[in-house]
file model.csv (CSV, C-alpha atoms)
chain,number,residue,atom,x,y,z
A,141,MET,CA,75.8,145.4,76.9
A,142,VAL,CA,72.3,145.6,75.3
A,143,ALA,CA,69.5,144.9,77.7
A,144,THR,CA,67.1,142.0,77.0
A,145,HIS,CA,63.5,142.8,76.3
A,146,THR,CA,62.7,141.4,79.8
A,147,GLU,CA,65.1,143.7,81.5
A,148,ALA,CA,63.8,146.8,79.7
A,149,GLU,CA,60.2,145.8,80.5
A,150,ILE,CA,61.0,145.3,84.1
A,151,ALA,CA,62.6,148.7,84.4
A,152,SER,CA,59.7,150.5,82.7
A,153,GLN,CA,57.2,149.4,85.4
A,154,PRO,CA,57.1,152.6,87.5
A,155,ASP,CA,56.3,154.7,84.4
A,156,CYS,CA,53.6,152.2,83.3
A,157,TRP,CA,52.0,152.3,86.8
A,158,ARG,CA,51.9,156.1,86.7
A,159,ARG,CA,50.1,156.0,83.4
A,160,ALA,CA,47.7,153.3,84.6
A,161,VAL,CA,46.6,155.1,87.8
A,162,GLU,CA,46.0,158.4,85.8
A,163,ASN,CA,43.7,156.6,83.3
A,164,VAL,CA,41.3,154.3,85.1
A,165,PRO,CA,38.3,153.4,82.9
A,166,VAL,CA,35.9,153.1,85.8
A,167,ASP,CA,32.8,152.5,83.7
A,168,ALA,CA,34.2,149.3,82.3
A,169,LEU,CA,35.4,147.8,85.7
A,170,PRO,CA,33.4,146.0,88.4
A,171,ARG,CA,31.0,148.3,90.2
A,172,PRO,CA,30.6,148.4,94.0
A,173,GLY,CA,28.1,145.7,95.0
A,174,GLU,CA,28.5,143.5,92.0
A,175,ARG,CA,29.3,139.8,92.5
A,176,VAL,CA,32.4,139.3,90.3
A,177,ALA,CA,34.4,136.4,89.0
A,178,VAL,CA,38.0,137.3,87.9
A,179,VAL,CA,39.6,134.8,85.6
A,180,GLY,CA,42.9,134.3,83.8
A,181,CYS,CA,45.6,131.8,83.0
A,182,GLY,CA,49.1,131.6,84.4
A,183,THR,CA,50.3,135.1,85.5
A,184,SER,CA,46.8,136.5,84.9
A,185,TRP,CA,45.3,134.0,87.3
A,186,PHE,CA,47.7,135.2,90.1
A,187,ILE,CA,46.9,138.8,89.4
A,188,ALA,CA,43.2,137.9,89.5
A,189,MET,CA,43.8,136.4,93.0
A,190,ALA,CA,45.4,139.6,94.2
A,191,TYR,CA,42.6,141.8,92.9
A,192,ALA,CA,39.9,139.6,94.2
A,193,ALA,CA,41.3,139.8,97.7
A,194,LEU,CA,41.8,143.6,97.5
A,195,ARG,CA,38.2,144.2,96.2
A,196,GLU,CA,36.7,142.2,99.0
A,197,ARG,CA,39.0,144.0,101.5
A,198,ALA,CA,37.7,147.3,100.1
A,199,GLY,CA,34.1,146.2,100.8
A,200,GLN,CA,33.1,146.4,97.1
A,201,GLY,CA,31.5,143.0,96.9
A,202,GLU,CA,32.0,139.2,96.7
A,203,THR,CA,34.9,138.6,94.3
A,204,ASP,CA,36.2,135.1,93.3
A,205,ALA,CA,39.3,134.4,91.3
A,206,PHE,CA,39.7,131.3,89.1
A,207,ALA,CA,42.0,129.8,86.5
A,208,ALA,CA,39.8,130.2,83.4
A,209,SER,CA,39.8,126.4,82.9
A,210,GLU,CA,38.4,125.8,86.4
A,211,ALA,CA,35.7,128.5,86.6
A,212,PRO,CA,32.5,126.9,87.9
A,213,VAL,CA,29.8,126.4,85.4
A,214,GLY,CA,26.4,127.7,86.3
A,215,ARG,CA,27.4,129.9,89.3
A,216,ARG,CA,25.8,133.3,89.0
A,217,TYR,CA,27.9,136.4,88.8
A,218,ASP,CA,27.0,140.0,87.9
A,219,ARG,CA,30.3,140.4,86.0
A,220,VAL,CA,33.1,138.3,84.7
A,221,LEU,CA,36.4,140.2,84.5
A,222,ALA,CA,38.9,138.4,82.2
A,223,LEU,CA,42.6,139.1,82.2
A,224,SER,CA,44.6,138.2,79.1
A,225,ARG,CA,47.7,139.9,77.9
A,226,SER,CA,47.6,138.3,74.4
A,227,GLY,CA,43.8,138.3,74.0
A,228,THR,CA,44.1,134.8,72.4
A,229,THR,CA,44.2,132.4,75.3
A,230,THR,CA,41.9,129.5,74.5
A,231,GLU,CA,40.4,129.0,77.9
A,232,VAL,CA,39.7,132.7,78.5
A,233,LEU,CA,38.0,133.0,75.1
A,234,LYS,CA,35.9,130.0,75.7
A,235,LEU,CA,34.7,131.2,79.1
A,236,LEU,CA,33.8,134.6,77.8
A,237,GLY,CA,31.9,133.0,74.9
A,238,ASP,CA,30.0,130.7,77.2
A,239,THR,CA,29.0,133.4,79.6
A,240,GLY,CA,25.2,133.9,79.6
A,241,PRO,CA,23.5,137.1,78.6
A,242,GLY,CA,22.6,138.0,82.2
A,243,THR,CA,26.3,138.5,83.1
A,244,SER,CA,28.3,141.5,82.1
A,245,THR,CA,31.8,140.8,80.7
A,246,THR,CA,35.0,142.9,80.7
A,247,ALA,CA,38.4,142.0,79.4
A,248,ILE,CA,41.8,143.6,80.1
A,249,THR,CA,44.3,143.0,77.3
A,250,ALA,CA,47.4,144.4,75.7
A,251,ASP,CA,46.5,143.8,72.0
A,252,PRO,CA,43.5,145.4,70.4
A,253,ASP,CA,43.8,143.2,67.3
A,254,THR,CA,42.9,139.8,68.9
A,255,PRO,CA,39.8,137.7,69.2
A,256,ILE,CA,39.0,138.8,72.8
A,257,MET,CA,37.7,142.1,71.3
A,258,GLY,CA,34.8,140.2,69.8
A,259,VAL,CA,33.8,138.1,72.8
A,260,ALA,CA,33.9,140.5,75.7
A,261,GLY,CA,31.2,143.1,76.3
A,262,GLN,CA,33.8,145.8,77.2
A,263,VAL,CA,37.5,145.7,76.7
A,264,ILE,CA,40.3,147.8,78.3
A,265,VAL,CA,43.4,147.9,76.2
A,266,LEU,CA,46.8,148.6,78.0
A,267,ASP,CA,48.8,148.5,74.8
A,268,TYR,CA,51.5,150.7,76.3
A,269,ALA,CA,52.3,147.9,78.8
A,270,ASP,CA,52.5,145.2,76.1
A,271,GLU,CA,55.7,143.1,76.0
A,272,ARG,CA,58.0,141.5,73.5
A,273,SER,CA,59.2,139.0,76.1
A,274,VAL,CA,57.4,135.7,76.6
A,275,VAL,CA,57.8,136.2,80.3
A,276,GLN,CA,55.2,138.6,81.5
A,277,THR,CA,56.3,141.3,83.9
A,278,ARG,CA,55.0,144.9,83.3
A,279,PHE,CA,51.6,144.1,81.8
A,280,ALA,CA,50.7,142.0,84.9
A,281,THR,CA,51.7,144.7,87.4
A,282,THR,CA,50.3,147.6,85.3
A,283,GLN,CA,46.8,146.1,85.2
A,284,LEU,CA,47.0,145.5,88.9
A,285,ALA,CA,48.1,149.1,89.5
A,286,MET,CA,45.0,150.2,87.5
A,287,LEU,CA,42.8,147.8,89.4
A,288,ARG,CA,44.1,149.0,92.8
A,289,ALA,CA,43.6,152.6,91.8
A,290,SER,CA,40.0,151.7,90.8
A,291,LEU,CA,39.4,150.6,94.4
A,292,GLY,CA,40.4,154.0,95.7
A,293,GLU,CA,44.0,153.2,96.6
A,294,ASP,CA,46.7,155.8,96.5
A,295,LEU,CA,49.7,154.2,94.7
A,296,THR,CA,52.1,157.1,95.3
A,297,GLN,CA,54.2,155.1,97.7
A,298,ALA,CA,54.0,151.9,95.7
A,299,ILE,CA,55.4,153.8,92.6
A,300,ALA,CA,58.2,155.3,94.7
A,301,ASP,CA,59.0,151.8,96.0
A,302,ALA,CA,59.0,150.5,92.4
A,303,GLU,CA,61.6,153.2,91.5
A,304,ARG,CA,63.8,151.8,94.3
A,305,ALA,CA,63.2,148.2,93.2
A,306,VAL,CA,64.3,148.7,89.6
A,307,SER,CA,67.7,150.0,90.6
A,308,ALA,CA,68.5,148.3,94.0
A,309,PRO,CA,71.6,146.1,94.1
A,310,ILE,CA,71.0,142.3,93.9
A,311,ALA,CA,72.8,140.3,96.5
A,312,GLY,CA,75.0,137.5,95.3
A,313,GLU,CA,73.5,135.0,97.7
A,314,LEU,CA,70.2,135.4,95.8
A,315,VAL,CA,71.8,134.6,92.5
A,316,GLU,CA,73.5,131.6,94.0
A,317,ALA,CA,70.7,130.3,96.2
A,318,GLU,CA,69.5,126.7,95.8
A,319,GLN,CA,65.8,127.2,96.5
A,320,PHE,CA,63.2,129.9,97.0
A,321,SER,CA,59.9,129.9,98.9
A,322,PHE,CA,57.8,133.0,98.3
A,323,LEU,CA,55.2,133.9,100.9
A,324,GLY,CA,52.3,136.3,100.9
A,325,ALA,CA,49.3,137.2,103.1
A,326,GLY,CA,45.9,138.4,101.9
A,327,TRP,CA,46.2,140.0,98.4
A,328,SER,CA,50.0,139.3,98.3
A,329,VAL,CA,49.4,135.5,98.2
A,330,GLY,CA,48.8,135.9,94.5
A,331,LEU,CA,51.9,138.0,94.1
A,332,ALA,CA,54.0,135.3,95.9
A,333,GLN,CA,52.7,132.7,93.4
A,334,GLU,CA,53.6,135.1,90.5
A,335,ALA,CA,57.1,135.7,91.9
A,336,ALA,CA,57.7,131.9,92.1
A,337,LEU,CA,56.4,131.5,88.5
A,338,LYS,CA,58.8,134.2,87.2
A,339,MET,CA,61.7,132.4,88.8
A,340,ARG,CA,60.7,129.1,87.2
A,341,GLU,CA,60.1,130.6,83.8
A,342,ALA,CA,63.1,132.8,83.5
A,343,SER,CA,65.8,130.7,85.3
A,344,ARG,CA,64.3,127.2,85.8
A,345,SER,CA,64.8,127.6,89.5
A,346,TRP,CA,63.3,125.5,92.3
A,347,THR,CA,60.6,127.7,93.7
A,348,GLU,CA,57.5,127.3,95.8
A,349,ALA,CA,54.8,129.7,97.1
A,350,TYR,CA,52.4,129.6,100.1
A,351,PRO,CA,50.3,131.8,102.3
A,352,ALA,CA,52.6,132.9,105.0
A,353,MET,CA,50.7,131.3,107.9
A,354,GLU,CA,50.5,128.0,106.0
A,355,TYR,CA,54.3,127.9,105.5
A,356,ARG,CA,54.7,126.6,109.1
A,357,HIS,CA,52.4,123.7,108.3
A,358,GLY,CA,54.9,121.5,106.5
A,359,PRO,CA,56.8,123.6,103.8
A,360,ILE,CA,59.2,125.1,106.4
A,361,SER,CA,60.8,121.7,106.4
A,362,ILE,CA,62.7,122.5,103.3
A,363,ALA,CA,64.2,125.7,104.7
A,364,GLY,CA,68.0,125.5,105.4
A,365,PRO,CA,71.4,126.9,104.4
A,366,GLY,CA,71.5,128.2,100.9
A,367,ARG,CA,67.7,128.4,100.7
A,368,VAL,CA,65.6,131.6,100.8
A,369,THR,CA,62.2,132.3,102.3
A,370,TRP,CA,61.0,135.6,100.7
A,371,MET,CA,58.0,137.4,102.2
A,372,LEU,CA,56.0,139.8,100.1
A,373,GLY,CA,54.3,142.1,102.6
A,374,GLU,CA,54.1,141.9,106.4
A,375,ALA,CA,55.4,138.6,107.9
A,376,PRO,CA,53.6,136.8,110.7
A,377,GLU,CA,55.2,137.4,114.1
A,378,GLY,CA,58.0,134.9,114.8
A,379,LEU,CA,58.3,133.6,111.3
A,380,ARG,CA,61.7,135.2,110.6
A,381,GLU,CA,63.2,133.6,113.7
A,382,GLN,CA,61.8,130.2,112.8
A,383,VAL,CA,63.3,130.3,109.3
A,384,GLU,CA,66.7,131.7,110.5
A,385,ALA,CA,66.9,128.9,113.1
A,386,THR,CA,67.0,126.5,110.2
A,387,GLY,CA,70.0,128.3,108.7
A,388,GLY,CA,68.0,129.6,105.9
A,389,THR,CA,67.8,133.2,104.7
A,390,PHE,CA,64.6,135.3,105.4
A,391,LEU,CA,63.9,138.3,103.2
A,392,GLN,CA,61.3,141.1,104.0
A,393,SER,CA,62.1,144.5,102.7
A,394,GLY,CA,59.1,146.7,103.6
A,395,LEU,CA,58.5,147.6,100.0
A,396,ASP,CA,55.0,147.5,98.6
A,397,PRO,CA,54.4,143.9,97.5
A,398,MET,CA,54.1,144.9,93.8
A,399,ALA,CA,57.5,146.6,94.1
A,400,GLU,CA,58.9,143.5,95.9
A,401,LEU,CA,57.7,141.5,92.9
A,402,ILE,CA,59.9,143.7,90.7
A,403,MET,CA,62.9,142.6,92.9
A,404,ALA,CA,61.9,139.0,92.4
A,405,GLN,CA,61.7,139.5,88.6
A,406,ARG,CA,65.2,141.0,88.6
A,407,VAL,CA,66.6,138.2,90.6
A,408,ALA,CA,65.0,135.7,88.2
A,409,VAL,CA,66.8,137.5,85.3
A,410,ALA,CA,70.1,137.6,87.1
A,411,ARG,CA,69.8,133.8,87.9
A,412,ALA,CA,69.0,133.2,84.2
A,413,PHE,CA,72.2,134.9,83.1
A,414,ALA,CA,74.2,133.0,85.8
A,415,ARG,CA,73.0,129.8,84.3
A,416,GLY,CA,73.6,130.7,80.7
A,417,LEU,CA,69.9,131.1,79.9
A,418,ASN,CA,68.2,133.8,77.9
A,419,PRO,CA,65.3,135.2,79.9
A,420,ASP,CA,63.6,136.4,76.6
A,421,GLU,CA,63.4,132.8,75.5
A,422,PRO,CA,62.2,130.6,78.3
A,423,LEU,CA,62.2,126.9,77.6
A,424,HIS,CA,59.0,125.2,76.5
A,425,LEU,CA,57.0,128.4,76.6
A,426,THR,CA,55.2,130.6,74.1
A,427,ARG,CA,53.6,134.1,74.5
A,428,SER,CA,50.1,132.6,74.5
A,429,VAL,CA,48.7,129.1,74.9
A,430,ILE,CA,46.3,128.4,72.0
A,431,LEU,CA,44.8,124.9,72.1
A,432,SER,CA,43.6,122.9,69.0
A,433,PRO,CA,39.9,122.6,68.7

call {"tool": "encode", "arguments": {"input": "model.csv", "output": "C-alpha cells"}}
result
Amino acid sequence: MVATHTEAEIASQPDCWRRAVENVPVDALPRPGERVAVVGCGTSWFIAMAYAALRERAGQGETDAFAASEAPVGRRYDRVLALSRSGTTTEVLKLLGDTGPGTSTTAITADPDTPIMGVAGQVIVLDYADERSVVQTRFATTQLAMLRASLGEDLTQAIADAERAVSAPIAGELVEAEQFSFLGAGWSVGLAQEAALKMREASRSWTEAYPAMEYRHGPISIAGPGRVTWMLGEAPEGLREQVEATGGTFLQSGLDPMAELIMAQRVAVARAFARGLNPDEPLHLTRSVILSP
C-alpha cells in the first residue's frame, strides 16, 4: 500500500528536526532582551504560542503570541516573528506590511517564491520541511525544533522520542474513541491545541484542547467511557485519577511533547482511514487561506 503524503511527512520528522537543530540561523531570530510578537494563522499560531512560552521561560525577553488577524495595533515590539508555511497567508502579509520602520521583522516559511519574501526584513526558508499535504505536520514541528535549539535547548532526547513515535503501535481504542480532549501545560498548551486541530482536519473528529489545570474547571464534565483525555507533557497531580473515575481513558506517555504530537498526528490519520477519509484532502480546506482584497 502506497503511503499518503501526510503519512510520509509525519514519518520524516526526526530527520527534519536533526537538520533544523544543526542549522540555526541565529542572526535572523529574536535576540535576548528583545520584546517580541510571534504571529501566525492556524497551526502557525499554535506553534507561536509554544515558542513564546519557551522563550519567556528561558529568560530571553517578553514574548507574545497572536493570531495574525488579532495582533494589537500600536503596541510596541522590537521584533515581529511571522510563521507561515505557504508565505501567502493574507493576514500575515498584511501584518508584516503594516509593521512600522522601528520594528525588525523576520519570517519563517517553506517556500522562497512567495510574497512573504518581499515584506519581511529577514526570511528563514525551511524548504526541506515543506509539504505536499494540506494538513501541516513536519513544517510546524521542524520550525519549533529550530526555535527550541535557538534558545539553547538540547533536542537529542526529543529526536530520540520522535523516532519512537513514528513507529509505535496505535491502540485500537484510539481509532475508535468518540471524543478527545488534549491538554498541555506551559509551552505544550500550544501543542495541545495543534493536536486537536490535526484530529479535526484529518479525521473530522470531535476534539477539544485546554491548559491542564483548566480542564477541571468544567471541561472534565465531558469525560467518560469511550472518550480520551490526552496529556502532552507532565500532568497535574491527581488528574489521571479524576479522569479515570469517570470511566474515561487518560493518556500520558512521558515522550517529549513534540514527539507526543507526532503520535496524535498518526492517530488522526488512522482515524481518517477508518472513516473512509483521505488525510491528504481534508474537507473544506486549502493549503493557504488567501482572502480577496

call {"tool": "closest_residue", "arguments": {"input": "model.csv", "among": "A:Glu318, A:Asp301, A:Asp253, A:Asp270", "to": "A:Pro154", "atoms": "all atoms listed in the file"}}
result
A:Asp301

call {"tool": "atom_distance", "arguments": {"input": "model.csv", "atom1": "atom CA of A:Arg272", "atom2": "atom CA of A:Gln153"}}
result
14.3 Å

call {"tool": "closest_residue", "arguments": {"input": "model.csv", "among": "A:Trp185, A:Tyr217, A:Phe206, A:Phe390", "to": "A:Gly173", "atoms": "all atoms listed in the file"}}
result
A:Tyr217

call {"tool": "residues_around", "arguments": {"input": "model.csv", "residues": "A:Ala143", "least_positions_apart": "3", "cutoff": "12 Å", "atoms": "only C-alpha atoms", "output": "number ranges by chain"}}
result
A: 146-151, 273, 409-410, 413, 418-420

call {"tool": "atom_distance", "arguments": {"input": "model.csv", "atom1": "atom CA of A:Val368", "atom2": "atom CA of A:Ala302"}}
result
21.7 Å

call {"tool": "residues_around", "arguments": {"input": "model.csv", "residues": "A:Val329", "least_positions_apart": "6", "cutoff": "12 Å", "atoms": "only C-alpha atoms", "output": "ChimeraX atom specification"}}
result
/A:185-194,321-323,335-336,348-355,370-375,397-398,401

call {"tool": "write_last_selection", "arguments": {"input": "model.csv", "atoms": "C-alpha atoms", "output": "short mmCIF file (atom, residue, chain, number, x, y, z; two decimals), keeping the file's coordinate frame"}}
result
data_model
loop_
_atom_site.label_atom_id
_atom_site.label_comp_id
_atom_site.auth_asym_id
_atom_site.auth_seq_id
_atom_site.Cartn_x
_atom_site.Cartn_y
_atom_site.Cartn_z
CA TRP A 185 45.30 134.00 87.30
CA PHE A 186 47.70 135.20 90.10
CA ILE A 187 46.90 138.80 89.40
CA ALA A 188 43.20 137.90 89.50
CA MET A 189 43.80 136.40 93.00
CA ALA A 190 45.40 139.60 94.20
CA TYR A 191 42.60 141.80 92.90
CA ALA A 192 39.90 139.60 94.20
CA ALA A 193 41.30 139.80 97.70
CA LEU A 194 41.80 143.60 97.50
CA SER A 321 59.90 129.90 98.90
CA PHE A 322 57.80 133.00 98.30
CA LEU A 323 55.20 133.90 100.90
CA ALA A 335 57.10 135.70 91.90
CA ALA A 336 57.70 131.90 92.10
CA GLU A 348 57.50 127.30 95.80
CA ALA A 349 54.80 129.70 97.10
CA TYR A 350 52.40 129.60 100.10
CA PRO A 351 50.30 131.80 102.30
CA ALA A 352 52.60 132.90 105.00
CA MET A 353 50.70 131.30 107.90
CA GLU A 354 50.50 128.00 106.00
CA TYR A 355 54.30 127.90 105.50
CA TRP A 370 61.00 135.60 100.70
CA MET A 371 58.00 137.40 102.20
CA LEU A 372 56.00 139.80 100.10
CA GLY A 373 54.30 142.10 102.60
CA GLU A 374 54.10 141.90 106.40
CA ALA A 375 55.40 138.60 107.90
CA PRO A 397 54.40 143.90 97.50
CA MET A 398 54.10 144.90 93.80
CA LEU A 401 57.70 141.50 92.90
#

call {"tool": "atom_distance", "arguments": {"input": "model.csv", "atom1": "atom CA of A:Ile256", "atom2": "atom CA of A:Glu162"}}
result
24.5 Å

call {"tool": "residues_around", "arguments": {"input": "model.csv", "residues": "A:Thr183", "least_positions_apart": "3", "cutoff": "9 Å", "atoms": "all atoms listed in the file", "output": "VMD selection string"}}
result
chain A and resid 180 186 to 188 276 to 277 280 333 to 334 337 to 338

call {"tool": "closest_residue", "arguments": {"input": "model.csv", "among": "A:Ala311, A:Leu223, A:Leu236, A:Ala342", "to": "A:Phe279", "atoms": "all atoms listed in the file"}}
result
A:Leu223

call {"tool": "closest_residue", "arguments": {"input": "model.csv", "among": "A:Leu395, A:Leu266, A:Ala298, A:Val232", "to": "A:Ile248", "atoms": "all atoms listed in the file"}}
result
A:Leu266

call {"tool": "axis_aligned_box", "arguments": {"input": "model.csv", "around": "stretch 236-246 of chain A", "padding_each_side": "8 Å", "output": "JSON"}}
result
{"center_x": 28.8, "center_y": 136.8, "center_z": 79.0, "size_x": 28.4, "size_y": 28.2, "size_z": 24.2}

call {"tool": "residues_around", "arguments": {"input": "model.csv", "residues": "A:Cys181", "least_positions_apart": "3", "cutoff": "8 Å", "atoms": "all atoms listed in the file", "output": "ChimeraX atom specification"}}
result
/A:184-185,207-209,223-224,229,231-232

call {"tool": "residues_near_point", "arguments": {"input": "model.csv", "point": "(35.5, 144.0, 90.3)", "cutoff": "10 Å", "atoms": "only C-alpha atoms", "output": "tab-separated table (two decimals) with C-alpha atoms, in the frame of the given file"}}
result
chain	number	residue	atom	x	y	z
A	168	ALA	CA	34.20	149.30	82.30
A	169	LEU	CA	35.40	147.80	85.70
A	170	PRO	CA	33.40	146.00	88.40
A	171	ARG	CA	31.00	148.30	90.20
A	172	PRO	CA	30.60	148.40	94.00
A	173	GLY	CA	28.10	145.70	95.00
A	174	GLU	CA	28.50	143.50	92.00
A	175	ARG	CA	29.30	139.80	92.50
A	176	VAL	CA	32.40	139.30	90.30
A	177	ALA	CA	34.40	136.40	89.00
A	178	VAL	CA	38.00	137.30	87.90
A	188	ALA	CA	43.20	137.90	89.50
A	191	TYR	CA	42.60	141.80	92.90
A	192	ALA	CA	39.90	139.60	94.20
A	194	LEU	CA	41.80	143.60	97.50
A	195	ARG	CA	38.20	144.20	96.20
A	196	GLU	CA	36.70	142.20	99.00
A	200	GLN	CA	33.10	146.40	97.10
A	201	GLY	CA	31.50	143.00	96.90
A	202	GLU	CA	32.00	139.20	96.70
A	203	THR	CA	34.90	138.60	94.30
A	204	ASP	CA	36.20	135.10	93.30
A	218	ASP	CA	27.00	140.00	87.90
A	219	ARG	CA	30.30	140.40	86.00
A	220	VAL	CA	33.10	138.30	84.70
A	221	LEU	CA	36.40	140.20	84.50
A	246	THR	CA	35.00	142.90	80.70
A	287	LEU	CA	42.80	147.80	89.40
A	290	SER	CA	40.00	151.70	90.80
A	291	LEU	CA	39.40	150.60	94.40

call {"tool": "closest_residue", "arguments": {"input": "model.csv", "among": "A:Glu384, A:Glu341, A:Asp294, A:Glu210", "to": "A:Val274", "atoms": "all atoms listed in the file"}}
result
A:Glu341

call {"tool": "residues_near_point", "arguments": {"input": "model.csv", "point": "(63.5, 150.1, 94.1)", "cutoff": "9 Å", "atoms": "only C-alpha atoms", "output": "list in words"}}
result
Ala300, Asp301, Ala302, Glu303, Arg304, Ala305, Val306, Ser307, Ala308, Leu395, Ala399, Glu400, Ile402 and Met403 of chain A

call {"tool": "write_last_selection", "arguments": {"input": "model.csv", "atoms": "C-alpha atoms", "output": "PDB file, in the frame of the given file"}}
result
ATOM      1  CA  ALA A 300      58.200 155.300  94.700  1.00  0.00           C
ATOM      2  CA  ASP A 301      59.000 151.800  96.000  1.00  0.00           C
ATOM      3  CA  ALA A 302      59.000 150.500  92.400  1.00  0.00           C
ATOM      4  CA  GLU A 303      61.600 153.200  91.500  1.00  0.00           C
ATOM      5  CA  ARG A 304      63.800 151.800  94.300  1.00  0.00           C
ATOM      6  CA  ALA A 305      63.200 148.200  93.200  1.00  0.00           C
ATOM      7  CA  VAL A 306      64.300 148.700  89.600  1.00  0.00           C
ATOM      8  CA  SER A 307      67.700 150.000  90.600  1.00  0.00           C
ATOM      9  CA  ALA A 308      68.500 148.300  94.000  1.00  0.00           C
ATOM     10  CA  LEU A 395      58.500 147.600 100.000  1.00  0.00           C
ATOM     11  CA  ALA A 399      57.500 146.600  94.100  1.00  0.00           C
ATOM     12  CA  GLU A 400      58.900 143.500  95.900  1.00  0.00           C
ATOM     13  CA  ILE A 402      59.900 143.700  90.700  1.00  0.00           C
ATOM     14  CA  MET A 403      62.900 142.600  92.900  1.00  0.00           C
TER      15      MET A 403
END

call {"tool": "closest_residue", "arguments": {"input": "model.csv", "among": "A:Val164, A:Ile362, A:Leu331, A:Val179", "to": "A:Gly387", "atoms": "all atoms listed in the file"}}
result
A:Ile362

call {"tool": "residues_around", "arguments": {"input": "model.csv", "residues": "A:Ala408", "least_positions_apart": "4", "cutoff": "8 Å", "atoms": "all atoms listed in the file", "output": "list in words"}}
result
Lys338, Met339, Arg340, Ala342, Ser343, Ala404 and Ala412 of chain A

call {"tool": "build_atoms", "arguments": {"input": "model.csv", "residues": "stretch 211-226 of chain A", "atoms": "N, CA, C and O atoms", "output": "PDB file, in the coordinates of the input"}}
result
ATOM      1  N   ALA A 211      36.859 127.683  86.190  1.00  0.00           N
ATOM      2  CA  ALA A 211      35.700 128.500  86.600  1.00  0.00           C
ATOM      3  C   ALA A 211      34.473 127.642  86.708  1.00  0.00           C
ATOM      4  O   ALA A 211      34.194 126.869  85.787  1.00  0.00           O
ATOM      5  N   PRO A 212      33.706 127.741  87.777  1.00  0.00           N
ATOM      6  CA  PRO A 212      32.500 126.900  87.900  1.00  0.00           C
ATOM      7  C   PRO A 212      31.432 127.207  86.934  1.00  0.00           C
ATOM      8  O   PRO A 212      31.109 128.371  86.704  1.00  0.00           O
ATOM      9  N   VAL A 213      30.874 126.181  86.353  1.00  0.00           N
ATOM     10  CA  VAL A 213      29.800 126.400  85.400  1.00  0.00           C
ATOM     11  C   VAL A 213      28.470 126.516  86.132  1.00  0.00           C
ATOM     12  O   VAL A 213      28.169 125.766  87.050  1.00  0.00           O
ATOM     13  N   GLY A 214      27.708 127.531  85.759  1.00  0.00           N
ATOM     14  CA  GLY A 214      26.400 127.700  86.300  1.00  0.00           C
ATOM     15  C   GLY A 214      26.326 128.557  87.575  1.00  0.00           C
ATOM     16  O   GLY A 214      25.230 128.856  88.065  1.00  0.00           O
ATOM     17  N   ARG A 215      27.457 128.973  88.123  1.00  0.00           N
ATOM     18  CA  ARG A 215      27.400 129.900  89.300  1.00  0.00           C
ATOM     19  C   ARG A 215      27.112 131.278  88.806  1.00  0.00           C
ATOM     20  O   ARG A 215      27.703 131.756  87.860  1.00  0.00           O
ATOM     21  N   ARG A 216      26.222 131.971  89.485  1.00  0.00           N
ATOM     22  CA  ARG A 216      25.800 133.300  89.000  1.00  0.00           C
ATOM     23  C   ARG A 216      26.710 134.386  89.448  1.00  0.00           C
ATOM     24  O   ARG A 216      27.058 134.504  90.619  1.00  0.00           O
ATOM     25  N   TYR A 217      27.103 135.213  88.496  1.00  0.00           N
ATOM     26  CA  TYR A 217      27.900 136.400  88.800  1.00  0.00           C
ATOM     27  C   TYR A 217      27.280 137.590  88.011  1.00  0.00           C
ATOM     28  O   TYR A 217      26.697 137.416  86.931  1.00  0.00           O
ATOM     29  N   ASP A 218      27.427 138.776  88.574  1.00  0.00           N
ATOM     30  CA  ASP A 218      27.000 140.000  87.900  1.00  0.00           C
ATOM     31  C   ASP A 218      27.966 140.341  86.748  1.00  0.00           C
ATOM     32  O   ASP A 218      27.571 140.905  85.734  1.00  0.00           O
ATOM     33  N   ARG A 219      29.248 140.013  86.975  1.00  0.00           N
ATOM     34  CA  ARG A 219      30.300 140.400  86.000  1.00  0.00           C
ATOM     35  C   ARG A 219      31.391 139.352  86.006  1.00  0.00           C
ATOM     36  O   ARG A 219      31.802 138.889  87.074  1.00  0.00           O
ATOM     37  N   VAL A 220      31.894 139.038  84.823  1.00  0.00           N
ATOM     38  CA  VAL A 220      33.100 138.300  84.700  1.00  0.00           C
ATOM     39  C   VAL A 220      34.189 139.256  84.160  1.00  0.00           C
ATOM     40  O   VAL A 220      33.993 139.930  83.144  1.00  0.00           O
ATOM     41  N   LEU A 221      35.302 139.352  84.895  1.00  0.00           N
ATOM     42  CA  LEU A 221      36.400 140.200  84.500  1.00  0.00           C
ATOM     43  C   LEU A 221      37.546 139.227  84.051  1.00  0.00           C
ATOM     44  O   LEU A 221      38.059 138.445  84.853  1.00  0.00           O
ATOM     45  N   ALA A 222      37.899 139.272  82.766  1.00  0.00           N
ATOM     46  CA  ALA A 222      38.900 138.400  82.200  1.00  0.00           C
ATOM     47  C   ALA A 222      40.193 139.115  81.952  1.00  0.00           C
ATOM     48  O   ALA A 222      40.190 140.187  81.342  1.00  0.00           O
ATOM     49  N   LEU A 223      41.301 138.532  82.398  1.00  0.00           N
ATOM     50  CA  LEU A 223      42.600 139.100  82.200  1.00  0.00           C
ATOM     51  C   LEU A 223      43.393 138.288  81.213  1.00  0.00           C
ATOM     52  O   LEU A 223      43.547 137.082  81.401  1.00  0.00           O
ATOM     53  N   SER A 224      43.867 138.927  80.138  1.00  0.00           N
ATOM     54  CA  SER A 224      44.600 138.200  79.100  1.00  0.00           C
ATOM     55  C   SER A 224      45.497 139.137  78.339  1.00  0.00           C
ATOM     56  O   SER A 224      45.018 139.951  77.544  1.00  0.00           O
ATOM     57  N   ARG A 225      46.800 139.051  78.576  1.00  0.00           N
ATOM     58  CA  ARG A 225      47.700 139.900  77.900  1.00  0.00           C
ATOM     59  C   ARG A 225      47.596 139.755  76.358  1.00  0.00           C
ATOM     60  O   ARG A 225      47.512 140.728  75.613  1.00  0.00           O
ATOM     61  N   SER A 226      47.566 138.521  75.887  1.00  0.00           N
ATOM     62  CA  SER A 226      47.600 138.300  74.400  1.00  0.00           C
ATOM     63  C   SER A 226      46.224 138.445  73.790  1.00  0.00           C
ATOM     64  O   SER A 226      46.141 138.737  72.596  1.00  0.00           O
TER      65      SER A 226
END
